[in-house]
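Colleague: Input query.txt, format and content: compact mmCIF, C-alpha atoms and all ligand atoms.
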```txt
# COMPACT_ATOMS: atom_id res chain seq x y z
CA MET A 377 -10.80 13.51 86.75
CA PRO A 378 -10.05 14.04 83.00
CA ASP A 379 -12.08 16.53 80.99
CA ILE A 380 -14.75 14.75 78.98
CA THR A 381 -16.60 16.76 76.38
CA SER A 382 -19.91 15.67 74.88
CA ASP A 383 -18.23 14.42 71.66
CA ASP A 384 -15.78 12.20 73.49
CA GLY A 385 -16.45 8.54 73.06
CA ALA A 386 -19.22 8.85 70.47
CA HIS A 387 -17.51 5.94 68.64
CA LEU A 388 -17.70 3.66 71.70
CA THR A 389 -20.33 1.31 73.05
CA GLU A 390 -22.41 2.82 75.82
CA LYS A 391 -20.75 0.68 78.47
CA THR A 392 -17.22 1.46 77.24
CA ARG A 393 -18.01 5.19 77.35
CA THR A 394 -18.58 4.92 81.09
CA TYR A 395 -14.91 3.92 81.51
CA LEU A 396 -13.66 7.23 80.08
CA ALA A 397 -13.84 8.87 83.49
CA THR A 398 -11.04 6.64 84.84
CA PRO A 399 -7.72 8.51 84.68
CA GLY A 400 -4.37 7.14 83.49
CA GLU A 401 -3.51 3.64 82.35
CA ASP A 402 -5.91 2.13 84.91
CA ARG A 403 -8.65 2.89 82.40
CA ILE A 404 -7.09 0.23 80.15
CA LEU A 405 -5.60 -2.13 82.72
CA ASN A 406 -8.80 -2.43 84.78
CA ASN A 407 -11.08 -3.12 81.85
CA TRP A 408 -9.02 -5.04 79.31
CA LYS A 409 -10.07 -8.47 80.49
CA SER A 410 -13.72 -7.62 79.92
CA ILE A 411 -13.12 -7.03 76.20
CA TRP A 412 -14.82 -9.86 74.36
CA ILE A 413 -15.56 -10.08 70.66
CA GLY A 414 -17.99 -12.81 69.66
CA HIS A 415 -16.48 -13.31 66.22
CA HIS A 416 -17.45 -15.96 63.68
CA ASP A 417 -15.18 -18.76 64.97
CA ALA A 418 -16.16 -18.07 68.57
CA LYS A 419 -19.84 -18.35 67.64
CA HIS A 420 -19.15 -21.58 65.76
CA VAL A 421 -17.49 -23.18 68.81
CA HIS A 422 -20.21 -21.88 71.13
CA ALA A 423 -22.94 -23.32 68.90
CA LYS A 424 -21.22 -26.72 68.98
CA LEU A 425 -20.91 -26.51 72.77
CA ASP A 426 -24.60 -25.57 73.08
CA MET A 427 -25.45 -28.72 71.15
CA MET A 428 -23.23 -30.85 73.37
CA LEU A 429 -24.87 -29.38 76.46
CA LYS A 430 -28.28 -30.47 75.20
CA THR A 431 -27.15 -34.00 74.34
CA PRO A 432 -28.34 -36.51 76.96
CA PRO A 433 -25.68 -38.49 78.89
CA SER A 434 -24.49 -41.63 77.13
CA SER A 435 -22.11 -44.48 77.85
CA ARG A 436 -19.97 -43.42 74.87
CA PRO A 437 -20.13 -39.65 74.70
CA LYS A 438 -18.59 -37.93 71.70
CA ASN A 439 -15.85 -35.55 72.78
CA LEU A 440 -14.57 -32.36 71.16
CA LEU A 441 -11.05 -31.16 70.44
CA VAL A 442 -10.53 -27.43 69.83
CA TYR A 443 -7.05 -26.90 68.48
CA GLY A 444 -4.87 -24.29 66.84
CA GLU A 445 -1.66 -22.38 67.31
CA SER A 446 -0.97 -20.42 70.46
CA ASN A 447 -2.84 -17.12 70.97
CA VAL A 448 -5.69 -17.79 68.53
CA GLY A 449 -8.14 -17.56 71.43
CA LYS A 450 -8.94 -21.19 72.32
CA SER A 451 -8.97 -20.75 76.09
CA THR A 452 -10.87 -17.46 75.97
CA ILE A 453 -13.63 -18.94 73.80
CA LEU A 454 -14.09 -21.93 76.13
CA GLU A 455 -13.83 -19.82 79.28
CA ARG A 456 -16.46 -17.31 78.12
CA TRP A 457 -18.94 -20.03 77.31
CA ALA A 458 -18.29 -21.99 80.52
CA GLU A 459 -18.71 -18.90 82.68
CA ALA A 460 -21.94 -17.87 80.97
CA VAL A 461 -23.45 -21.37 81.22
CA ASN A 462 -22.45 -21.82 84.86
CA GLN A 463 -23.74 -18.41 85.84
CA LYS A 464 -27.07 -19.00 84.13
CA ALA A 465 -27.42 -22.38 85.85
CA ALA A 466 -26.60 -20.91 89.25
CA VAL A 467 -29.22 -18.19 88.86
CA ALA A 468 -31.83 -20.71 87.68
CA ALA A 469 -31.06 -23.13 90.52
CA GLU A 470 -31.37 -20.41 93.11
CA ALA A 471 -34.63 -19.10 91.70
CA GLU A 472 -36.12 -22.59 91.56
CA ASP A 473 -35.26 -23.92 94.92
CA PRO A 474 -33.39 -21.60 97.28
CA GLU A 475 -34.20 -23.72 100.36
CA THR A 476 -32.72 -27.01 99.21
CA MET A 477 -29.63 -25.66 97.45
CA GLY A 478 -27.57 -26.81 100.44
CA ASP A 479 -23.94 -27.65 99.81
CA TRP A 480 -24.51 -28.86 96.27
CA ALA A 481 -23.94 -26.21 93.72
CA VAL A 482 -25.05 -26.68 90.14
CA LEU A 483 -22.02 -26.67 87.88
CA PRO A 484 -22.79 -27.69 84.29
CA VAL A 485 -19.23 -27.05 83.10
CA VAL A 486 -16.02 -27.89 84.94
CA ARG A 487 -12.94 -26.35 83.33
CA VAL A 488 -9.39 -27.34 84.37
CA GLN A 489 -5.84 -27.41 83.07
CA THR A 490 -4.42 -30.73 81.93
CA PRO A 491 -1.58 -31.68 84.31
CA PRO A 492 1.96 -32.26 82.99
CA LYS A 493 2.49 -35.78 81.63
CA GLY A 494 -1.24 -36.38 82.05
CA ASP A 495 -0.70 -37.36 85.69
CA GLU A 496 -3.88 -39.11 86.83
CA GLY A 497 -3.84 -37.99 90.47
CA ARG A 498 -3.17 -34.39 89.53
CA LEU A 499 -5.96 -34.44 86.96
CA TYR A 500 -8.42 -35.44 89.69
CA ASP A 501 -6.88 -32.84 92.04
CA ASN A 502 -7.51 -30.14 89.42
CA ILE A 503 -11.11 -31.25 88.91
CA LEU A 504 -11.79 -31.50 92.65
CA ARG A 505 -10.33 -28.03 93.21
CA ALA A 506 -12.45 -26.60 90.40
CA MET A 507 -15.50 -28.03 92.12
CA GLY A 508 -14.44 -26.56 95.46
CA PHE A 509 -13.68 -29.94 97.02
CA PRO A 510 -9.91 -30.44 97.27
CA LEU A 511 -8.80 -33.74 98.82
CA PRO A 512 -5.49 -34.38 100.61
CA ILE A 513 -2.65 -35.38 98.26
CA SER A 514 -2.30 -38.65 100.18
CA TYR A 515 -5.60 -40.02 98.85
CA SER A 516 -5.19 -42.72 96.22
CA ALA A 517 -6.00 -41.98 92.59
CA SER A 518 -8.94 -44.39 92.71
CA ALA A 519 -10.39 -42.71 95.83
CA LYS A 520 -10.08 -39.33 94.13
CA CYS A 521 -11.68 -40.75 91.00
CA GLN A 522 -14.69 -41.99 92.96
CA THR A 523 -15.12 -38.56 94.54
CA VAL A 524 -14.80 -36.87 91.15
CA LEU A 525 -17.54 -39.11 89.72
CA LYS A 526 -19.81 -38.49 92.69
CA LEU A 527 -19.34 -34.72 92.52
CA LEU A 528 -19.89 -34.61 88.75
CA ALA A 529 -23.21 -36.36 89.28
CA ASN A 530 -24.24 -34.26 92.29
CA ASN A 531 -23.32 -31.01 90.56
CA GLN A 532 -25.23 -32.05 87.43
CA THR A 533 -22.08 -31.49 85.40
CA LYS A 534 -22.65 -31.90 81.67
CA ILE A 535 -19.20 -31.18 80.26
CA VAL A 536 -15.61 -31.39 81.53
CA MET A 537 -13.12 -29.10 79.79
CA LEU A 538 -9.40 -29.88 79.79
CA ASP A 539 -7.34 -26.95 78.59
CA GLU A 540 -3.63 -27.11 77.69
CA PHE A 541 -4.22 -30.69 76.60
CA HIS A 542 -0.77 -30.80 75.00
CA ASN A 543 0.56 -31.12 78.58
CA ALA A 544 -0.61 -34.73 78.42
CA LEU A 545 1.73 -35.37 75.49
CA SER A 546 4.85 -34.61 77.51
CA GLY A 547 4.82 -38.02 79.21
CA ARG A 548 6.50 -41.26 78.16
CA PHE A 549 4.64 -43.60 75.82
CA ASP A 550 3.29 -45.70 78.72
CA GLN A 551 2.16 -42.57 80.58
CA ARG A 552 0.33 -41.36 77.50
CA LEU A 553 -1.39 -44.71 77.08
CA HIS A 554 -2.43 -44.62 80.72
CA PHE A 555 -3.84 -41.12 80.33
CA ASN A 556 -5.92 -42.28 77.35
CA VAL A 557 -7.41 -44.97 79.57
CA VAL A 558 -8.03 -42.45 82.36
CA ILE A 559 -9.97 -40.02 80.19
CA LYS A 560 -11.85 -42.83 78.47
CA ASN A 561 -12.97 -44.20 81.85
CA LEU A 562 -13.84 -40.76 83.13
CA THR A 563 -16.14 -39.97 80.22
CA ASN A 564 -17.68 -43.44 80.11
CA GLU A 565 -18.29 -43.66 83.85
CA ALA A 566 -19.65 -40.14 84.13
CA GLY A 567 -21.48 -40.42 80.79
CA ILE A 568 -20.49 -36.90 79.87
CA PRO A 569 -18.19 -35.59 77.14
CA LEU A 570 -14.82 -33.93 77.37
CA VAL A 571 -13.96 -30.74 75.56
CA VAL A 572 -10.20 -30.42 75.22
CA ALA A 573 -8.12 -27.56 73.88
CA GLY A 574 -4.53 -27.58 72.79
CA VAL A 575 -1.98 -26.69 70.18
CA GLU A 576 -1.77 -28.44 66.83
CA ALA A 577 0.53 -31.18 68.10
CA VAL A 578 -2.49 -32.61 69.91
CA GLU A 579 -4.34 -33.11 66.65
CA MET A 580 -1.35 -34.90 65.15
CA VAL A 581 -1.29 -37.33 68.06
CA PHE A 582 -5.05 -37.86 67.79
CA ASN A 583 -4.59 -38.77 64.14
CA LYS A 584 -2.11 -41.47 65.08
CA GLU A 585 -4.04 -42.95 68.00
CA ASP A 586 -7.13 -44.66 66.77
CA GLN A 587 -8.99 -44.60 70.12
CA LEU A 588 -8.70 -40.84 70.36
CA HIS A 589 -9.30 -40.31 66.68
CA ARG A 590 -12.73 -41.93 66.77
CA ARG A 591 -13.92 -40.43 70.02
CA PHE A 592 -13.29 -36.77 69.29
CA SER A 593 -14.77 -34.41 66.75
CA ARG A 594 -12.58 -31.40 66.03
CA ILE A 595 -12.67 -27.69 65.43
CA LYS A 596 -9.56 -25.91 64.23
CA LEU A 597 -9.10 -22.25 65.12
CA GLU A 598 -6.89 -20.33 62.74
CA ALA A 599 -5.19 -16.99 62.62
CA TRP A 600 -7.09 -14.31 60.69
CA ARG A 601 -6.47 -13.30 57.08
CA ASP A 602 -5.99 -9.67 56.11
CA ASN A 603 -9.49 -9.20 54.68
CA ASP A 604 -12.88 -7.63 55.45
CA ASP A 605 -13.36 -9.87 58.48
CA TRP A 606 -10.07 -8.63 59.90
CA ARG A 607 -11.22 -5.03 59.51
CA LYS A 608 -14.54 -5.91 61.12
CA LEU A 609 -12.62 -7.36 64.07
CA LEU A 610 -10.60 -4.14 64.34
CA ARG A 611 -13.80 -2.06 64.32
CA SER A 612 -15.14 -4.20 67.14
CA PHE A 613 -11.97 -3.65 69.19
CA GLU A 614 -12.15 0.07 68.53
CA ARG A 615 -15.68 0.28 69.97
CA LEU A 616 -14.52 -1.47 73.12
CA ILE A 617 -11.21 0.32 73.81
CA PRO A 618 -11.96 3.28 76.10
CA LEU A 619 -10.22 6.16 74.30
CA LYS A 620 -11.88 9.53 73.81
CA HIS A 621 -11.19 9.84 70.09
CA PRO A 622 -11.53 7.35 67.20
CA SER A 623 -8.31 5.68 66.00
CA SER A 624 -9.66 4.39 62.64
CA LEU A 625 -8.06 1.00 63.24
CA ALA A 626 -9.86 -0.48 60.21
CA GLN A 627 -8.51 2.12 57.82
CA PRO A 628 -6.39 0.16 55.23
CA GLU A 629 -2.89 1.25 56.23
CA MET A 630 -3.58 0.86 59.93
CA ALA A 631 -5.29 -2.51 59.40
CA THR A 632 -2.29 -3.82 57.47
CA THR A 633 0.20 -2.60 60.07
CA LEU A 634 -1.82 -4.30 62.81
CA TYR A 635 -1.96 -7.44 60.74
CA GLU A 636 1.79 -7.48 60.25
CA VAL A 637 2.66 -6.97 63.91
CA SER A 638 0.14 -9.57 65.13
CA SER A 639 0.43 -12.17 62.34
CA GLY A 640 -3.37 -12.21 62.44
CA ARG A 641 -3.50 -13.82 65.91
CA ILE A 642 -6.14 -12.26 68.16
CA GLY A 643 -3.98 -12.65 71.27
CA ASP A 644 -1.06 -10.78 69.69
CA LEU A 645 -3.45 -8.13 68.36
CA SER A 646 -4.95 -7.72 71.81
CA ASP A 647 -1.49 -7.27 73.37
CA VAL A 648 -0.43 -4.66 70.82
CA LEU A 649 -3.68 -2.70 71.13
CA ARG A 650 -3.50 -2.73 74.92
CA GLU A 651 0.02 -1.30 74.97
CA ALA A 652 -0.81 1.25 72.26
CA ALA A 653 -3.97 2.31 74.11
CA ILE A 654 -1.94 2.96 77.27
CA ARG A 655 0.45 5.12 75.20
CA ALA A 656 -2.54 6.94 73.73
CA ILE A 657 -3.75 7.88 77.21
CA LEU A 658 -0.36 8.76 78.69
CA SER A 659 0.53 10.93 75.68
CA GLY A 660 -2.78 12.76 75.96
CA GLU A 661 -3.60 12.01 72.30
CA GLU A 662 -6.48 9.70 73.27
CA ARG A 663 -6.28 7.83 69.97
CA ILE A 664 -4.01 5.03 68.73
CA THR A 665 -1.67 6.17 65.94
CA PRO A 666 0.51 4.05 63.60
CA ASP A 667 3.60 5.32 65.48
CA MET A 668 2.24 3.98 68.75
CA ILE A 669 1.73 0.58 67.18
CA GLN A 670 5.23 0.49 65.74
CA ALA A 671 6.65 1.54 69.12
CA VAL A 672 5.10 -1.40 71.00
N1 LIG A 701 -12.84 -13.34 71.26
C1 LIG A 701 -11.94 -12.56 71.84
N2 LIG A 701 -12.22 -11.26 72.09
C2 LIG A 701 -11.30 -10.46 72.67
N3 LIG A 701 -10.07 -10.84 73.03
C3 LIG A 701 -9.72 -12.12 72.81
C4 LIG A 701 -10.62 -13.05 72.21
N4 LIG A 701 -10.00 -14.25 72.11
C5 LIG A 701 -8.78 -14.07 72.63
N5 LIG A 701 -8.60 -12.81 73.06
C6 LIG A 701 -7.38 -12.25 73.67
O1 LIG A 701 -6.28 -13.03 73.25
C7 LIG A 701 -5.54 -13.53 74.37
C8 LIG A 701 -5.01 -14.90 74.05
O2 LIG A 701 -6.09 -15.80 73.89
P1 LIG A 701 -6.10 -17.27 74.51
O3 LIG A 701 -5.30 -17.31 75.77
O4 LIG A 701 -7.52 -17.70 74.58
O5 LIG A 701 -5.34 -18.06 73.37
P2 LIG A 701 -5.02 -19.62 73.28
O6 LIG A 701 -5.36 -20.04 71.90
O7 LIG A 701 -5.68 -20.34 74.38
O8 LIG A 701 -3.44 -19.64 73.44
P3 LIG A 701 -2.50 -20.81 74.07
O9 LIG A 701 -2.46 -21.92 73.08
O10 LIG A 701 -1.17 -20.14 74.23
O11 LIG A 701 -3.11 -21.23 75.37
C9 LIG A 701 -6.50 -13.48 75.53
O12 LIG A 701 -5.86 -13.25 76.73
C10 LIG A 701 -7.41 -12.32 75.18
O13 LIG A 701 -6.83 -11.12 75.66
MG MG A 702 -4.95 -21.36 76.05
```
Kindly present the structure from the file in structure tokens form.
Modeller:
Amino acid sequence: MPDITSDDGAHLTEKTRTYLATPGEDRILNNWKSIWIGHHDAKHVHAKLDMMLKTPPSSRPKNLLVYGESNVGKSTILERWAEAVNQKAAVAAEAEDPETMGDWAVLPVVRVQTPPKGDEGRLYDNILRAMGFPLPISYSASAKCQTVLKLLANNQTKIVMLDEFHNALSGRFDQRLHFNVVIKNLTNEAGIPLVVAGVEAVEMVFNKEDQLHRRFSRIKLEAWRDNDDWRKLLRSFERLIPLKHPSSLAQPEMATTLYEVSSGRIGDLSDVLREAAIRAILSGEERITPDMIQAV
């Protein structure tokens, strides 16, 4: 058990301070995934999703595309929201009617990966698996589709999320056209919108294909600029990284170094800070220094 003096961790959130007792790199490795910063863009996407959740089902639901370069945090933003909404719904359902819950869970948001080449059968497989109802591969696509529609209704699903949507672009032209029809039917039949996430190539395709263009609103997520918001983000990370002493990540020189090594992408920043934090513990310094960042 490491020595913890009363001053240690005064710069941390209360919860993060409790992690200080964990020795070695496990302190970082075990807790890194729980680090979440509800920054401006994340709040913007979450507010849009909240609106979509409240919108009643329709025969032509308006979908959403969240796009941007790799590592800007698209998946994390969607995942956080989906988990929070599903958890809240599960708690509410249980409190309301524990007797009749039966086999039907309440799952407002179903989140899956888009299969390579937008393969229809595999899309349904992914959705069925996410709803805990995998069907044998041998079932036809239309049989799987019927089951998907039934489960979406029974689970009171309000939104289907397809991450890695650029996977659908890897198919031939005819496969891509077919996938457009598949997702159009899925949303129309179920009456619920899709939220898709992907890299910028997806947006370019949407611009060229009129059907997609009209049916999706868009939010672009961008890398950060080296400004006050960036330093605010660094301060937030610092409060959540369980090190005993402050690292002053937002101090100008440090902030610029972190900007340069991450190109302002939150995923790259997160990777660098994680590795540097492990060095900070193993070296006994218990703070991230510019040398540790350069060494990553
Ligand atoms: N709001 C956030 N707070 C804290 N960490 C974050 C946040 N957003 C992203 N991250 C970190 O950045 C990493 C990369 O983010 P994510 O996988 O969401 O990016 P992405 O845009 O989906 O990338 P890709 O296009 O490659 O799928 C995450 O694993 C997480 O560690
Ligand atoms: Mg992603």
Colleague: So that all listed atoms of segment 546-549 of chain A fit with 3 Å spare on each side, what axis-aligned box centre and edge lengths in Å, to one decimal, would you give as lines of an AutoDock Vina configuration file?
Modeller:
```
center_x = 5.6
center_y = -39.1
center_z = 77.5
size_x = 7.9
size_y = 15.0
size_z = 9.4
```
Colleague: Using Å and a single decimal, report how far atom CA of Leu625 of chain A sits from atom N5 of ligand LIG 701 (chain A).
Modeller: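 Spanning atom N5 of ligand LIG 701 (chain A) to atom CA of Leu625 of chain A is a straight-line distance of 17.0 Å.
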Colleague: Within 12 Å of Leu588 of chain A, counting only C-alpha atoms, which residues show up once you throw out same-chain ones fewer than 6 positions away? Write them as JSON, numbers by chain, please.
Modeller: {"A": [438, 439, 440, 441, 552, 553, 555, 556, 557, 559, 560, 570, 572, 578, 579, 580, 581, 582, 594]}
Colleague: At a cut-off of 12 Å, using all atoms listed in the file, what residues contact Pro622 of chain A? Leave out same-chain residues fewer than 4 positions from it and give the result as a VMD selection string.
Modeller: chain A and resid 383 to 388 610 to 611 613 to 618 626 to 627 653 656 661 to 665
Colleague: Name all residues at most 10 Å from Pro433 of chain A (count all atoms listed in the file; drop same-chain ones fewer than 6 positions away) and give them as a list in words.
Modeller: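 In the requested format, the answer is Lys534, Ile535, Thr563, Asn564, Ala566, Gly567, Ile568 and Pro569 of chain A.
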Colleague: I'd like the interatomic distance between atom C2 of ligand LIG 701 (chain A) and atom CA of Glu401 of chain A, to a tenth of an Å.
Modeller: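 If I compute the distance from atom C2 of ligand LIG 701 (chain A) to atom CA of Glu401 of chain A, I get 18.8 Å.
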Colleague: Counting all atoms listed in the file, name the residues that have an atom within 8 Å of an atom of ligand MG 702 (chain A); the answer should be given as a PyMOL selection string.
Modeller: chain A and resi 446-447+449-452+539-540+573-574
Colleague: Can you build me a table of chain A residues sitting at most 9 Å from ligand LIG 701 (chain A), with the closest atom pair per residue and its distance in Å to one decimal, using all atoms listed in the file, sorted by chain and residue number, as JSON lines?
Modeller:
```
{"residue": "A:Trp408", "atom": "CA", "partner": "A:LIG701", "partner_atom": "O13", "distance": 7.4}
{"residue": "A:Lys409", "atom": "CA", "partner": "A:LIG701", "partner_atom": "O13", "distance": 6.4}
{"residue": "A:Ser410", "atom": "CA", "partner": "A:LIG701", "partner_atom": "C2", "distance": 8.2}
{"residue": "A:Ile411", "atom": "CA", "partner": "A:LIG701", "partner_atom": "C2", "distance": 5.2}
{"residue": "A:Trp412", "atom": "CA", "partner": "A:LIG701", "partner_atom": "N2", "distance": 3.7}
{"residue": "A:Ile413", "atom": "CA", "partner": "A:LIG701", "partner_atom": "N2", "distance": 3.8}
{"residue": "A:Gly414", "atom": "CA", "partner": "A:LIG701", "partner_atom": "N1", "distance": 5.4}
{"residue": "A:His415", "atom": "CA", "partner": "A:LIG701", "partner_atom": "N1", "distance": 6.2}
{"residue": "A:Asp417", "atom": "CA", "partner": "A:LIG701", "partner_atom": "N1", "distance": 8.6}
{"residue": "A:Ala418", "atom": "CA", "partner": "A:LIG701", "partner_atom": "N1", "distance": 6.4}
{"residue": "A:Tyr443", "atom": "CA", "partner": "A:LIG701", "partner_atom": "O6", "distance": 7.8}
{"residue": "A:Gly444", "atom": "CA", "partner": "A:LIG701", "partner_atom": "O6", "distance": 6.6}
{"residue": "A:Glu445", "atom": "CA", "partner": "A:LIG701", "partner_atom": "O9", "distance": 5.8}
{"residue": "A:Ser446", "atom": "CA", "partner": "A:LIG701", "partner_atom": "O9", "distance": 3.4}
{"residue": "A:Asn447", "atom": "CA", "partner": "A:LIG701", "partner_atom": "O8", "distance": 3.6}
{"residue": "A:Val448", "atom": "CA", "partner": "A:LIG701", "partner_atom": "O6", "distance": 4.1}
{"residue": "A:Gly449", "atom": "CA", "partner": "A:LIG701", "partner_atom": "O4", "distance": 3.2}
{"residue": "A:Lys450", "atom": "CA", "partner": "A:LIG701", "partner_atom": "O6", "distance": 3.8}
{"residue": "A:Ser451", "atom": "CA", "partner": "A:LIG701", "partner_atom": "O4", "distance": 3.7}
{"residue": "A:Thr452", "atom": "CA", "partner": "A:LIG701", "partner_atom": "O4", "distance": 3.6}
{"residue": "A:Ile453", "atom": "CA", "partner": "A:LIG701", "partner_atom": "N4", "distance": 6.2}
{"residue": "A:Leu454", "atom": "CA", "partner": "A:LIG701", "partner_atom": "O4", "distance": 8.0}
{"residue": "A:Glu455", "atom": "CA", "partner": "A:LIG701", "partner_atom": "O4", "distance": 8.1}
{"residue": "A:Arg456", "atom": "CA", "partner": "A:LIG701", "partner_atom": "N1", "distance": 8.7}
{"residue": "A:Asp539", "atom": "CA", "partner": "A:LIG701", "partner_atom": "O11", "distance": 7.8}
{"residue": "A:Glu540", "atom": "CA", "partner": "A:LIG701", "partner_atom": "O11", "distance": 6.3}
{"residue": "A:Ala573", "atom": "CA", "partner": "A:LIG701", "partner_atom": "O7", "distance": 7.6}
{"residue": "A:Gly574", "atom": "CA", "partner": "A:LIG701", "partner_atom": "O9", "distance": 6.0}
{"residue": "A:Val575", "atom": "CA", "partner": "A:LIG701", "partner_atom": "O9", "distance": 5.6}
{"residue": "A:Leu597", "atom": "CA", "partner": "A:LIG701", "partner_atom": "O6", "distance": 8.1}
{"residue": "A:Leu609", "atom": "CA", "partner": "A:LIG701", "partner_atom": "N2", "distance": 8.9}
{"residue": "A:Phe613", "atom": "CA", "partner": "A:LIG701", "partner_atom": "C2", "distance": 7.7}
{"residue": "A:Arg641", "atom": "CA", "partner": "A:LIG701", "partner_atom": "O1", "distance": 7.9}
{"residue": "A:Ile642", "atom": "CA", "partner": "A:LIG701", "partner_atom": "O1", "distance": 5.1}
{"residue": "A:Gly643", "atom": "CA", "partner": "A:LIG701", "partner_atom": "O1", "distance": 3.1}
{"residue": "A:Asp644", "atom": "CA", "partner": "A:LIG701", "partner_atom": "O1", "distance": 6.7}
{"residue": "A:Leu645", "atom": "CA", "partner": "A:LIG701", "partner_atom": "O1", "distance": 7.5}
{"residue": "A:Ser646", "atom": "CA", "partner": "A:LIG701", "partner_atom": "C6", "distance": 5.5}
{"residue": "A:Asp647", "atom": "CA", "partner": "A:LIG701", "partner_atom": "O13", "distance": 7.0}
```
Colleague: What does the distance from atom CA of Ile595 of chain A to atom CA of Thr431 of chain A come to in Å, to one decimal?
Modeller: 18.1 Å
Colleague: Find the residue from A:Asn406, A:Asn603, A:Ser639, A:Ser593 that sits nearest to Leu425 of chain A; use only C-alpha atoms when measuring.
Modeller: A:Ser593
Colleague: For His422 of chain A, which of A:Met668, A:Val571, A:Val524, A:Leu658 is the closest residue, counting only C-alpha atoms?
Modeller: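 Smallest separation from His422 of chain A among the options: A:Val571.
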Colleague: Hey, which of A:Ala481, A:Leu545, A:Ile654, A:Leu504 ends up closest to Gln463 of chain A? Count only C-alpha atoms.
Modeller: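 Answer, going by the shortest atom-to-atom distance: A:Ala481.
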Colleague: Go through A:Lys520, A:His589, A:Arg505, A:Lys493 and flag the residue nearest Phe549 of chain A, using all atoms listed in the file for the distances.
Modeller: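 Among A:Lys520, A:His589, A:Arg505, A:Lys493, it is A:Lys493 that comes nearest to Phe549 of chain A.
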Colleague: Using all atoms listed in the file, which of the listed residues (A:Thr523, A:Gln551, A:Thr394, A:Gln670) sits closest to Glu496 of chain A?
Modeller: A:Gln551
Colleague: As a PyMOL selection string, please: the residues near Ala466 of chain A (cut-off 10 Å, all atoms listed in the file, same-chain neighbours under 5 positions excluded).
Modeller: chain A and resi 460-461+471-472+477+481-484
Colleague: Please tell me which residues are no farther than 12 Å from (-3.5, -3.4, 54.0) in the file, counting only C-alpha atoms, and write them as a list in words.
Modeller: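 Answer for this query, in the requested form: Arg601, Asp602, Asn603, Asp604, Trp606, Arg607, Leu625, Ala626, Gln627, Pro628, Glu629, Met630, Ala631, Thr632, Thr633, Leu634, Tyr635 and Glu636 of chain A.
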Colleague: Quick one: residues within 12 Å of Leu499 of chain A, all atoms listed in the file counted, chain neighbours fewer than 3 positions away excluded, as a PDB file with C-alpha atoms, in the frame of the given file?
Modeller:
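Written file, selection-v3.pdb:
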```pdb
ATOM      1  CA  ARG A 487     -12.940 -26.350  83.330  1.00  0.00           C
ATOM      2  CA  VAL A 488      -9.390 -27.340  84.370  1.00  0.00           C
ATOM      3  CA  GLN A 489      -5.840 -27.410  83.070  1.00  0.00           C
ATOM      4  CA  THR A 490      -4.420 -30.730  81.930  1.00  0.00           C
ATOM      5  CA  PRO A 491      -1.580 -31.680  84.310  1.00  0.00           C
ATOM      6  CA  PRO A 492       1.960 -32.260  82.990  1.00  0.00           C
ATOM      7  CA  LYS A 493       2.490 -35.780  81.630  1.00  0.00           C
ATOM      8  CA  GLY A 494      -1.240 -36.380  82.050  1.00  0.00           C
ATOM      9  CA  ASP A 495      -0.700 -37.360  85.690  1.00  0.00           C
ATOM     10  CA  GLU A 496      -3.880 -39.110  86.830  1.00  0.00           C
ATOM     11  CA  ASN A 502      -7.510 -30.140  89.420  1.00  0.00           C
ATOM     12  CA  ILE A 503     -11.110 -31.250  88.910  1.00  0.00           C
ATOM     13  CA  LEU A 504     -11.790 -31.500  92.650  1.00  0.00           C
ATOM     14  CA  ARG A 505     -10.330 -28.030  93.210  1.00  0.00           C
ATOM     15  CA  ALA A 506     -12.450 -26.600  90.400  1.00  0.00           C
ATOM     16  CA  PRO A 510      -9.910 -30.440  97.270  1.00  0.00           C
ATOM     17  CA  ILE A 513      -2.650 -35.380  98.260  1.00  0.00           C
ATOM     18  CA  ALA A 517      -6.000 -41.980  92.590  1.00  0.00           C
ATOM     19  CA  SER A 518      -8.940 -44.390  92.710  1.00  0.00           C
ATOM     20  CA  LYS A 520     -10.080 -39.330  94.130  1.00  0.00           C
ATOM     21  CA  CYS A 521     -11.680 -40.750  91.000  1.00  0.00           C
ATOM     22  CA  VAL A 524     -14.800 -36.870  91.150  1.00  0.00           C
ATOM     23  CA  VAL A 536     -15.610 -31.390  81.530  1.00  0.00           C
ATOM     24  CA  MET A 537     -13.120 -29.100  79.790  1.00  0.00           C
ATOM     25  CA  LEU A 538      -9.400 -29.880  79.790  1.00  0.00           C
ATOM     26  CA  ASP A 539      -7.340 -26.950  78.590  1.00  0.00           C
ATOM     27  CA  PHE A 541      -4.220 -30.690  76.600  1.00  0.00           C
ATOM     28  CA  ASN A 543       0.560 -31.120  78.580  1.00  0.00           C
ATOM     29  CA  ALA A 544      -0.610 -34.730  78.420  1.00  0.00           C
ATOM     30  CA  PHE A 555      -3.840 -41.120  80.330  1.00  0.00           C
ATOM     31  CA  VAL A 558      -8.030 -42.450  82.360  1.00  0.00           C
ATOM     32  CA  ILE A 559      -9.970 -40.020  80.190  1.00  0.00           C
ATOM     33  CA  LEU A 562     -13.840 -40.760  83.130  1.00  0.00           C
TER      34      LEU A 562
END
```
Colleague: Need a file for segment 525-536 of chain A from that block: C-alpha atoms, written as a short mmCIF file (atom, residue, chain, number, x, y, z; two decimals), in the first residue's frame.
Modeller:
```cif
data_model
loop_
_atom_site.label_atom_id
_atom_site.label_comp_id
_atom_site.auth_asym_id
_atom_site.auth_seq_id
_atom_site.Cartn_x
_atom_site.Cartn_y
_atom_site.Cartn_z
CA LEU A 525 -38.52 -5.60 -36.16
CA LYS A 526 -40.43 -7.61 -33.57
CA LEU A 527 -37.69 -7.25 -30.96
CA LEU A 528 -37.30 -3.51 -31.59
CA ALA A 529 -41.01 -3.10 -30.92
CA ASN A 530 -41.07 -5.40 -27.88
CA ASN A 531 -38.00 -3.77 -26.36
CA GLN A 532 -39.48 -0.30 -26.93
CA THR A 533 -36.36 0.65 -28.84
CA LYS A 534 -36.31 4.30 -29.85
CA ILE A 535 -32.97 4.59 -31.64
CA VAL A 536 -30.64 2.22 -33.51
#
```
